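K.L.:
Okay, so here is my_file-v5.cif, and as you'll see once you scroll down, it has mmCIF, C-alpha atoms.
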```cif
data_input
#
loop_
_atom_site.label_atom_id
_atom_site.label_comp_id
_atom_site.auth_asym_id
_atom_site.auth_seq_id
_atom_site.Cartn_x
_atom_site.Cartn_y
_atom_site.Cartn_z
CA MET A 181 -37.42 -9.70 -157.67
CA ARG A 182 -37.97 -11.58 -154.74
CA ARG A 183 -38.09 -15.24 -154.79
CA ARG A 184 -39.58 -17.15 -152.11
CA VAL A 185 -38.92 -20.75 -151.57
CA HIS A 186 -41.38 -22.42 -149.37
CA ILE A 187 -39.96 -25.42 -147.70
CA PRO A 188 -42.53 -27.59 -146.15
CA VAL A 189 -42.35 -27.66 -142.40
CA THR A 190 -42.19 -31.36 -142.38
CA VAL A 191 -39.08 -31.29 -144.43
CA ARG A 192 -37.47 -28.80 -142.07
CA ALA A 193 -38.16 -30.98 -139.16
CA ALA A 194 -36.68 -33.95 -140.88
CA ALA A 195 -33.59 -32.00 -141.65
CA ALA A 196 -33.29 -30.90 -138.11
CA LEU A 197 -33.58 -34.45 -136.90
CA ALA A 198 -30.99 -35.50 -139.40
CA LEU A 199 -28.64 -32.87 -138.08
CA LEU A 200 -29.25 -33.95 -134.53
CA GLY A 201 -28.64 -37.54 -135.54
CA GLY A 202 -25.32 -36.61 -137.05
CA ALA A 203 -24.27 -34.73 -133.93
CA ALA A 204 -25.31 -37.61 -131.71
CA ALA A 205 -23.40 -40.05 -133.83
CA GLY A 206 -20.38 -37.79 -133.51
CA VAL A 207 -20.26 -38.27 -129.71
CA GLY A 208 -20.77 -41.99 -129.92
CA SER A 209 -24.29 -42.30 -128.74
CA THR A 210 -26.55 -44.91 -130.07
CA GLU A 211 -30.17 -45.21 -130.51
CA ALA A 212 -30.47 -46.56 -127.00
CA SER A 213 -32.60 -44.87 -124.40
CA PHE A 214 -31.31 -42.38 -121.92
CA THR A 215 -29.12 -43.91 -119.21
CA ASP A 216 -27.72 -42.77 -115.96
CA ALA A 217 -25.51 -44.33 -113.29
CA ALA A 218 -24.68 -43.65 -109.66
CA SER A 219 -22.29 -45.53 -107.44
CA ALA A 220 -21.07 -45.18 -103.92
CA GLN A 221 -17.87 -46.72 -102.68
CA TRP A 222 -17.77 -47.99 -99.12
CA SER A 223 -14.80 -48.85 -97.00
CA LEU A 224 -15.73 -50.45 -93.73
CA HIS A 225 -13.25 -50.90 -90.90
CA SER A 226 -14.43 -52.88 -87.93
CA GLY A 227 -13.35 -51.49 -84.60
CA SER A 228 -11.60 -53.61 -82.06
CA LEU A 229 -12.13 -54.03 -78.38
CA ALA A 230 -9.22 -55.41 -76.44
CA ILE A 231 -7.60 -54.97 -73.08
CA ALA A 232 -4.23 -56.01 -71.76
CA VAL A 233 -3.18 -56.43 -68.17
CA ALA A 234 0.38 -55.65 -67.21
CA ASP A 235 2.46 -58.60 -66.07
CA HIS A 236 -0.54 -60.90 -66.47
CA GLY A 237 -2.08 -59.46 -63.32
CA PHE A 238 -1.09 -59.71 -59.72
CA VAL A 239 -0.38 -62.78 -57.71
CA LEU A 240 -0.96 -62.13 -54.05
CA ASP A 241 0.34 -65.04 -52.06
CA GLY A 242 2.23 -63.55 -49.21
CA ALA A 243 3.06 -64.27 -45.64
CA PRO A 244 0.42 -65.65 -43.30
CA LEU A 245 -1.67 -62.92 -41.77
CA ALA A 246 -2.38 -62.08 -38.18
CA PRO A 247 -5.41 -60.02 -37.18
CA GLY A 248 -4.84 -56.47 -38.32
CA ASP A 249 -2.40 -57.42 -41.04
CA GLY A 250 -2.95 -56.47 -44.63
CA ALA A 251 -1.78 -57.38 -48.08
CA ALA A 252 -1.95 -55.26 -51.19
CA ALA A 253 -1.40 -55.60 -54.90
CA THR A 254 -1.54 -53.29 -57.88
CA VAL A 255 -2.70 -54.11 -61.36
CA ALA A 256 -2.71 -51.96 -64.49
CA VAL A 257 -5.07 -52.46 -67.42
CA THR A 258 -4.73 -50.84 -70.82
CA SER A 259 -7.18 -50.58 -73.68
CA THR A 260 -5.39 -51.89 -76.73
CA GLY A 261 -8.39 -51.67 -79.01
CA THR A 262 -9.93 -48.85 -80.99
CA LEU A 263 -13.27 -48.79 -79.24
CA GLY A 264 -14.20 -47.50 -75.86
CA ALA A 265 -15.23 -50.15 -73.40
CA ASP A 266 -17.28 -50.49 -70.28
CA LEU A 267 -14.79 -51.93 -67.84
CA THR A 268 -15.85 -54.27 -65.08
CA LEU A 269 -13.89 -55.91 -62.31
CA THR A 270 -15.04 -59.44 -61.79
CA ARG A 271 -14.52 -61.51 -58.68
CA ARG A 272 -14.74 -65.21 -58.31
CA GLU A 273 -14.50 -67.10 -55.09
CA LEU A 274 -12.20 -70.09 -55.22
CA ALA A 275 -11.87 -72.99 -52.85
CA SER A 276 -11.05 -71.96 -49.32
CA THR A 277 -10.37 -73.75 -46.07
CA ALA A 278 -11.29 -73.23 -42.43
CA PRO A 279 -9.45 -75.89 -40.44
CA GLU A 280 -10.24 -74.33 -37.07
CA GLY A 281 -13.87 -73.61 -37.85
CA CYS A 282 -13.75 -69.97 -38.95
CA ALA A 283 -13.22 -68.91 -42.55
CA LEU A 284 -10.67 -66.18 -43.05
CA ARG A 285 -12.87 -64.89 -45.84
CA ASP A 286 -15.36 -63.73 -43.22
CA ALA A 287 -12.71 -61.63 -41.52
CA LEU A 288 -11.32 -59.98 -44.64
CA SER A 289 -12.11 -56.51 -45.82
CA VAL A 290 -11.23 -55.20 -49.24
CA ARG A 291 -10.41 -51.75 -50.46
CA ILE A 292 -10.25 -51.11 -54.19
CA VAL A 293 -8.77 -47.82 -55.31
CA LYS A 294 -8.46 -46.44 -58.79
CA ASP A 295 -5.16 -44.66 -59.24
CA ARG A 296 -5.24 -42.83 -62.52
CA ASP A 297 -1.51 -42.30 -62.88
CA GLY A 298 -0.42 -45.40 -61.01
CA ASP A 299 1.65 -43.37 -58.58
CA PRO A 300 0.45 -43.73 -54.99
CA ALA A 301 2.28 -40.54 -54.10
CA THR A 302 -0.17 -38.41 -56.02
CA VAL A 303 -3.34 -38.60 -54.03
CA THR A 304 -5.55 -36.26 -56.01
CA ASP A 305 -6.17 -38.81 -58.74
CA ARG A 306 -7.10 -41.64 -56.41
CA ARG A 307 -10.67 -42.70 -55.95
CA VAL A 308 -12.01 -45.39 -53.66
CA LEU A 309 -14.30 -47.69 -55.62
CA PHE A 310 -15.06 -50.14 -52.85
CA ASP A 311 -14.27 -50.41 -49.18
CA GLY A 312 -15.95 -53.09 -47.15
CA ALA A 313 -16.21 -56.73 -46.32
CA LEU A 314 -14.95 -59.17 -48.92
CA ALA A 315 -18.26 -60.98 -48.79
CA SER A 316 -20.06 -57.84 -49.95
CA VAL A 317 -17.88 -57.18 -52.99
CA PRO A 318 -20.18 -57.66 -55.98
CA GLU A 319 -19.18 -60.31 -58.46
CA ARG A 320 -19.13 -57.55 -61.05
CA LEU A 321 -17.97 -54.11 -60.04
CA GLY A 322 -18.39 -51.42 -62.68
CA LEU A 323 -15.23 -49.41 -63.25
CA GLY A 324 -16.54 -46.97 -65.83
CA VAL A 325 -15.49 -46.31 -69.39
CA LEU A 326 -12.02 -47.19 -70.61
CA ALA A 327 -11.20 -45.07 -73.63
CA PRO A 328 -9.11 -46.46 -76.49
CA GLY A 329 -5.47 -46.42 -75.50
CA ALA A 330 -6.21 -45.45 -71.91
CA ARG A 331 -4.44 -47.08 -69.00
CA ARG A 332 -5.67 -47.39 -65.47
CA THR A 333 -4.15 -48.69 -62.31
CA TYR A 334 -6.07 -50.31 -59.49
CA GLU A 335 -4.94 -51.13 -55.99
CA VAL A 336 -6.52 -54.03 -54.18
CA THR A 337 -5.86 -54.15 -50.45
CA PHE A 338 -7.01 -56.91 -48.14
CA THR A 339 -7.10 -56.47 -44.39
CA TYR A 340 -7.59 -59.18 -41.84
CA VAL A 341 -9.99 -57.51 -39.44
CA ALA A 342 -9.70 -58.64 -35.85
CA HIS A 343 -12.94 -59.98 -34.47
CA GLY A 344 -11.97 -61.03 -30.99
CA GLY A 345 -9.63 -59.78 -28.35
CA ALA A 346 -6.32 -61.03 -27.08
CA THR A 347 -7.31 -63.17 -24.18
CA ALA A 348 -7.48 -66.90 -23.87
CA THR A 349 -11.23 -66.88 -24.28
CA ASP A 350 -11.75 -63.95 -26.62
CA ASN A 351 -9.49 -64.16 -29.60
CA ASP A 352 -9.31 -64.97 -33.29
CA ASN A 353 -7.67 -68.35 -32.93
CA CYS A 354 -10.43 -70.07 -34.87
CA PHE A 355 -9.20 -68.30 -38.01
CA GLU A 356 -5.75 -69.84 -37.71
CA GLY A 357 -4.64 -71.66 -40.84
CA SER A 358 -7.71 -70.69 -42.84
CA VAL A 359 -7.03 -70.00 -46.50
CA ALA A 360 -9.14 -67.70 -48.65
CA ARG A 361 -8.69 -67.62 -52.41
CA GLU A 362 -10.12 -65.11 -54.84
CA ARG A 363 -9.69 -64.62 -58.55
CA PHE A 364 -10.16 -61.23 -60.13
CA GLY A 365 -10.58 -60.33 -63.75
CA PHE A 366 -11.37 -57.45 -66.04
CA ASP A 367 -14.27 -57.59 -68.46
CA ALA A 368 -14.40 -55.11 -71.30
CA ASP A 369 -17.72 -54.78 -73.06
CA GLU A 370 -18.56 -52.76 -76.10
CA ARG A 371 -20.30 -49.61 -75.03
CA SER A 372 -23.14 -49.86 -77.56
CA ALA A 373 -23.86 -52.43 -80.23
CA VAL A 374 -24.25 -51.25 -83.88
CA MET B 98 -34.43 -45.38 -113.73
CA ARG B 99 -34.92 -49.06 -113.45
CA ARG B 100 -31.20 -49.73 -113.66
CA ARG B 101 -30.48 -47.23 -110.90
CA SER B 102 -32.87 -49.02 -108.65
CA VAL B 103 -31.16 -52.29 -109.31
CA ARG B 104 -27.73 -50.88 -108.54
CA LEU B 105 -28.84 -49.36 -105.23
CA ALA B 106 -30.37 -52.61 -104.22
CA SER B 107 -27.10 -54.36 -104.97
CA ALA B 108 -25.18 -51.84 -102.90
CA VAL B 109 -27.44 -52.39 -99.91
CA ALA B 110 -27.00 -56.11 -100.27
CA LEU B 111 -23.24 -55.71 -100.30
CA LEU B 112 -23.38 -53.58 -97.17
CA VAL B 113 -25.37 -56.19 -95.36
CA VAL B 114 -22.87 -58.87 -96.36
CA ALA B 115 -19.94 -56.67 -95.33
CA ALA B 116 -21.51 -55.84 -92.01
CA GLY B 117 -22.04 -59.49 -91.33
CA ALA B 118 -18.47 -60.30 -92.23
CA CYS B 119 -16.97 -57.74 -89.84
CA GLY B 120 -19.14 -58.63 -86.90
CA LEU B 121 -21.45 -55.66 -86.77
CA SER B 122 -24.34 -57.69 -85.61
CA ALA B 123 -26.50 -57.48 -82.55
CA ALA B 124 -23.78 -59.16 -80.49
CA ALA B 125 -21.43 -56.73 -78.75
CA MET B 126 -17.70 -57.05 -78.58
CA HIS B 127 -16.18 -58.35 -75.39
CA ASP B 128 -12.77 -59.04 -73.98
CA HIS B 129 -11.56 -60.47 -70.72
CA ALA B 130 -8.22 -60.40 -69.00
CA PRO B 131 -7.25 -61.90 -65.67
CA ALA B 132 -6.54 -59.22 -63.08
CA GLY B 133 -4.94 -61.47 -60.52
CA THR B 134 -5.39 -64.04 -57.86
CA ALA B 135 -5.21 -63.58 -54.13
CA THR B 136 -4.42 -66.35 -51.73
CA LEU B 137 -4.65 -65.14 -48.16
CA THR B 138 -3.77 -67.37 -45.29
CA GLY B 139 -4.55 -66.94 -41.65
CA GLY B 140 -1.37 -67.32 -39.70
CA ARG B 141 -0.79 -69.55 -36.72
CA LEU B 142 0.62 -68.68 -33.36
CA VAL B 143 2.20 -71.49 -31.40
CA LEU B 144 4.09 -70.61 -28.25
CA HIS B 145 6.38 -73.35 -27.13
CA THR B 146 8.36 -73.43 -23.90
CA ASP B 147 10.91 -75.88 -22.71
CA HIS B 148 9.19 -75.93 -19.32
CA ALA B 149 5.67 -76.69 -20.34
CA ALA B 150 3.73 -77.43 -17.15
CA THR B 151 6.93 -77.72 -15.17
CA SER B 152 8.65 -75.36 -12.81
CA VAL B 153 11.21 -72.97 -14.19
CA LEU B 154 13.26 -73.41 -11.07
CA ASP B 155 13.45 -75.65 -8.09
CA ALA B 156 12.78 -73.42 -5.15
CA GLY B 157 12.45 -76.15 -2.58
CA GLU B 158 14.23 -76.01 0.77
CA MET B 159 14.96 -72.32 0.53
CA ARG B 160 16.05 -70.32 3.52
CA PRO B 161 17.13 -66.75 4.30
CA GLY B 162 20.06 -65.88 2.07
CA GLY B 163 18.92 -68.53 -0.43
CA HIS B 164 18.94 -68.00 -4.13
CA ARG B 165 17.41 -69.96 -7.00
CA THR B 166 17.62 -69.30 -10.67
CA GLY B 167 16.52 -70.91 -13.89
CA THR B 168 15.86 -70.05 -17.48
CA ILE B 169 12.98 -70.66 -19.77
CA GLU B 170 13.09 -70.63 -23.53
CA LEU B 171 10.09 -69.20 -25.34
CA ARG B 172 9.84 -70.25 -28.94
CA ASN B 173 7.37 -69.07 -31.55
CA ASP B 174 6.62 -72.14 -33.61
CA GLY B 175 3.89 -70.31 -35.48
CA THR B 176 3.92 -68.39 -38.72
CA VAL B 177 3.20 -64.88 -37.49
CA ALA B 178 5.20 -62.47 -35.39
CA ALA B 179 4.10 -62.05 -31.82
CA THR B 180 4.76 -60.08 -28.70
CA ALA B 181 5.45 -61.98 -25.52
CA SER B 182 4.70 -61.14 -21.93
CA VAL B 183 4.69 -62.87 -18.57
CA ALA B 184 2.22 -62.62 -15.74
CA LEU B 185 1.89 -64.12 -12.29
CA THR B 186 -1.35 -65.72 -11.23
CA ASP B 187 -2.69 -67.85 -8.43
CA LEU B 188 -0.19 -66.59 -5.90
CA ALA B 189 -0.84 -68.21 -2.58
CA ASP B 190 0.94 -68.24 0.76
CA VAL B 191 0.60 -71.13 3.15
CA PRO B 192 0.12 -70.20 5.85
CA ASP B 193 -1.10 -66.74 4.95
CA ALA B 194 0.49 -65.30 8.03
CA ALA B 195 3.94 -66.30 6.86
CA ALA B 196 3.53 -64.07 3.80
CA LEU B 197 6.51 -65.67 2.15
CA ALA B 198 5.67 -64.03 -1.19
CA GLY B 199 6.32 -60.69 0.43
CA VAL B 200 9.75 -61.80 1.47
CA LEU B 201 10.95 -63.31 -1.78
CA GLU B 202 12.37 -61.07 -4.45
CA LEU B 203 11.64 -61.94 -8.03
CA ARG B 204 13.95 -60.95 -10.83
CA LEU B 205 13.07 -61.50 -14.46
CA GLU B 206 15.68 -60.88 -17.13
CA ASP B 207 15.54 -61.02 -20.86
CA CYS B 208 18.50 -62.94 -22.20
CA GLY B 209 17.63 -62.46 -25.86
CA THR B 210 18.50 -65.63 -27.69
CA ASP B 211 21.50 -66.35 -25.52
CA ALA B 212 20.92 -69.44 -23.41
CA THR B 213 23.86 -68.50 -21.20
CA CYS B 214 22.28 -65.12 -20.52
CA ALA B 215 25.60 -63.34 -20.66
CA ALA B 216 24.05 -59.90 -21.12
CA PRO B 217 20.61 -59.88 -19.53
CA ALA B 218 18.20 -57.00 -19.68
CA PRO B 219 15.96 -56.50 -16.63
CA LEU B 220 12.26 -57.08 -17.04
CA TYR B 221 11.26 -56.94 -13.40
CA ASP B 222 13.06 -56.71 -10.12
CA GLY B 223 10.97 -56.53 -6.99
CA SER B 224 8.78 -58.32 -4.55
CA LEU B 225 7.20 -61.51 -5.73
CA ARG B 226 3.96 -60.39 -4.18
CA ASP B 227 3.92 -57.14 -6.14
CA PHE B 228 4.54 -58.67 -9.48
CA ALA B 229 1.60 -58.77 -11.85
CA THR B 230 2.84 -58.72 -15.42
CA ALA B 231 5.80 -57.65 -17.52
CA PRO B 232 6.30 -57.29 -21.24
CA ILE B 233 9.07 -59.38 -22.72
CA GLY B 234 9.11 -58.09 -26.26
CA ALA B 235 8.96 -59.25 -29.82
CA LEU B 236 8.93 -62.89 -30.64
CA PRO B 237 9.16 -63.29 -34.41
CA ALA B 238 7.82 -66.28 -36.25
CA GLY B 239 10.32 -69.07 -35.79
CA GLY B 240 12.18 -67.00 -33.24
CA ARG B 241 13.04 -67.70 -29.64
CA ARG B 242 13.75 -65.80 -26.50
CA VAL B 243 15.30 -66.84 -23.23
CA VAL B 244 14.13 -65.41 -19.92
CA ARG B 245 15.98 -65.89 -16.67
CA VAL B 246 13.92 -66.19 -13.51
CA THR B 247 15.56 -65.63 -10.12
CA LEU B 248 14.18 -65.82 -6.62
CA ASP B 249 16.10 -64.30 -3.74
CA TRP B 250 15.39 -64.64 -0.04
CA GLY B 251 17.10 -61.79 1.68
CA VAL B 252 19.52 -62.92 4.37
CA THR B 253 18.12 -60.42 6.83
CA LYS B 254 14.57 -61.65 6.41
CA ASP B 255 15.12 -64.48 8.84
CA ASP B 256 11.93 -64.57 10.86
CA PRO B 257 11.73 -68.15 12.20
CA SER B 258 7.97 -68.12 11.84
CA ARG B 259 8.42 -68.62 8.12
CA GLN B 260 9.91 -72.05 8.60
CA GLY B 261 7.86 -74.59 6.71
CA ALA B 262 5.96 -71.88 4.87
CA THR B 263 5.13 -72.25 1.23
CA THR B 264 4.35 -69.82 -1.54
CA SER B 265 3.15 -70.87 -4.93
CA GLY B 266 2.11 -69.19 -8.09
CA VAL B 267 1.90 -69.68 -11.81
CA LEU B 268 3.96 -67.77 -14.28
CA VAL B 269 1.88 -67.42 -17.42
CA TRP B 270 3.78 -66.80 -20.61
CA THR B 271 1.67 -65.23 -23.28
CA ALA B 272 2.25 -64.47 -26.91
CA VAL B 273 -0.11 -62.24 -28.85
CA ALA B 274 -0.02 -61.73 -32.57
CA GLY B 275 -1.83 -59.17 -34.63
CA ALA B 276 -3.33 -55.80 -33.96
CA SER B 277 -3.80 -56.53 -30.28
CA ALA B 278 -0.13 -57.29 -29.78
#
```
Since I need it in another form, could you write the structure as structure tokens?

P.N.:
Amino acid sequence: MRRRVHIPVTVRAAAALALLGGAAAGVGSTEASFTDAASAQWSLHSGSLAIAVADHGFVLDGAPLAPGDGAAATVAVTSTGTLGADLTLTRRELASTAPEGCALRDALSVRIVKDRDGDPATVTDRRVLFDGALASVPERLGLGVLAPGARRTYEVTFTYVAHGGATATDNDNCFEGSVARERFGFDADERSAV
Amino acid sequence: MRRRSVRLASAVALLVVAAGACGLSAAAMHDHAPAGTATLTGGRLVLHTDHAATSVLDAGEMRPGGHRTGTIELRNDGTVAATASVALTDLADVPDAAALAGVLELRLEDCGTDATCAAPAPLYDGSLRDFATAPIGALPAGGRRVVRVTLDWGVTKDDPSRQGATTSGVLVWTAVAGASA
């Protein structure tokens, strides 16, 4: 004999829901709606841009010059930051004198050489950045990119260029006693703003 | 979904605040360091002699066999090294026919810094007429140099027609500093 028990569908569904409810309660869920969460953790480190000049730069204050004489100084700059920088050599004219009527500044030429390893003996790494009259040196001379941790050496050479001859009437005597003062600096600028 | 949107918005807000705090703004970073200062001074050249505008020697009343000598001190009172030389200008014989300058022998000697000129070095030795210029040598800043000047009238050059004759000239002492020196 076969017996058939007909369970109403509605009852089955209720039972199923009851079972689901028990399972859900077993994992701690509530009657709340579905939830989800996403998070992202950020750690920001600002870069730094800094340069340091060895020995606080050069001080060129040597013996008085005669026509043809020269004076030279070397300065090394190092990037102590973590960002690359656009390096610029700045020049500022300071007070000068011309007691005999001619300014020594007008008779000076400047030669600026980049010496990558700082050793004048190795000539292959030397590059002339400027060579001409002091008056024509731009107030800002681009030196290129200075990478983090990089060090560069620059030579600055001044030459008193003779204008006149060596006779009583054709000479450079009007430059006697004239004093020319210049201040140089390095500017490091961030290569590109964020 | 609504909560997720809120959380993302909060994260963006935090990023903006963090960026502002660490300087990531439109302003770029910058640093400056002094490279150095240069003070360049034009030197001075001042040649001083102890016979400025006066004769190095008294050659008056000379006669055949006569001899006159004197010294001159050249001093560089300037601040740059120089090279000294001497030249003769404005040589004139009176009367011309006497040609006394052709008779007199001029001797110039470098005594170094020794005023007694114990060990002279010859600069010129020959006819006064033929002398034009002679280098003396280096004259450092603050340094000095003594030059002995001698005139000789040879004893055999005794032509009586030269009596009363005169010869005159100017010894020009020059110091040059710099590339031209």

K.L.:
Quick one: which chain A residues come within 6 Å of chain B, and what is the nearest atom pair for each with the distance in Å to one decimal, counting only C-alpha atoms, rows ordered by chain and ascending number, as a tab-separated table?

P.N.:
```
residue	atom	partner	partner_atom	distance
A:Ser226	CA	B:Cys119	CA	5.8
A:Ala230	CA	B:Asp128	CA	5.6
A:Gly237	CA	B:Ala132	CA	4.5
A:Phe238	CA	B:Gly133	CA	4.3
A:Val239	CA	B:Thr134	CA	5.2
A:Leu240	CA	B:Ala135	CA	4.5
A:Asp241	CA	B:Thr136	CA	4.9
A:Pro244	CA	B:Gly140	CA	4.4
A:Leu245	CA	B:Gly140	CA	4.9
A:Ala246	CA	B:Gly275	CA	4.6
A:Pro247	CA	B:Gly275	CA	4.5
A:Gly248	CA	B:Ala276	CA	4.7
A:Glu356	CA	B:Gly139	CA	5.0
A:Gly357	CA	B:Gly139	CA	4.8
A:Ser358	CA	B:Gly139	CA	5.0
A:Val359	CA	B:Thr138	CA	4.4
A:Ala360	CA	B:Leu137	CA	5.2
A:Arg361	CA	B:Thr136	CA	4.5
A:Glu362	CA	B:Ala135	CA	5.2
A:Arg363	CA	B:Thr134	CA	4.4
A:Phe364	CA	B:Ala132	CA	5.1
A:Gly365	CA	B:Pro131	CA	4.2
A:Phe366	CA	B:Ala130	CA	5.2
A:Asp367	CA	B:His129	CA	4.6
A:Ala368	CA	B:Asp128	CA	5.0
A:Asp369	CA	B:His127	CA	4.5
A:Glu370	CA	B:Met126	CA	5.0
A:Ala373	CA	B:Ala125	CA	5.2
A:Val374	CA	B:Leu121	CA	6.0
```

K.L.:
Excluding Ser316 of chain A and residues on its chain fewer than 5 positions from it, collect all residues at most 10 Å away from it, counting all atoms listed in the file, and give them as an MDAnalysis selection string.

P.N.:
chainID A and resid 289:290 310:311

K.L.:
Grab the atom CA of Cys214 of chain B to atom CA of Ala198 of chain B distance for me, in Å with one decimal place.

P.N.:
25.5 Å

K.L.:
Got a sec to check which residues sit within 10 Å of (-18.0, -54.1, -59.3), counting all atoms listed in the file, and write them as number ranges by chain?

P.N.:
A: 267-271, 292, 309-310, 317-324

K.L.:
Quick one, how far is atom CA of Phe228 of chain B from atom CA of Gln260 of chain B?

P.N.:
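If I compute the distance from atom CA of Phe228 of chain B to atom CA of Gln260 of chain B, I get 23.1 Å.
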
K.L.:
For Leu236 of chain B, which residue among B:Ala195, B:Leu220, B:Val267, B:Val143 is the nearest when counting all atoms listed in the file?

P.N.:
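When distances to Leu236 of chain B are compared using all atoms listed in the file, the smallest one comes from B:Val143.
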
K.L.:
Nearest residue to Gly239 of chain B out of B:Pro217, B:His145, B:Thr151, B:Asn173, using only C-alpha atoms?

P.N.:
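Selected residue with least distance to Gly239 of chain B: B:Asn173.
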
K.L.:
List the residues selected by the PyMOL selection byres ((chain B and resi 153) around 10) in the file shown, writing them as a list of chain:residue names.

P.N.:
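With the shown file as input, the PyMOL selection byres ((chain B and resi 153) around 10) matches B:Asp147, B:His148, B:Ala149, B:Ala150, B:Thr151, B:Ser152, B:Leu154, B:Asp155, B:Ala156, B:Arg165, B:Thr166, B:Gly167, B:Thr168, B:Ile169, B:Glu170, B:Val244, B:Arg245, B:Val246, B:Thr247, B:Leu268.
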
K.L.:
Given the file shown, enumerate the residues that the PyMOL selection byres ((chain B and resi 231) around 10) captures and present them as a list in words.

P.N.:
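This file gives the following for the PyMOL selection byres ((chain B and resi 231) around 10): Ala181, Ser182, Val183, Ala184, Leu185, Leu205, Leu220, Tyr221, Phe228, Ala229, Thr230, Pro232, Ile233, Gly234 and Trp270 of chain B.
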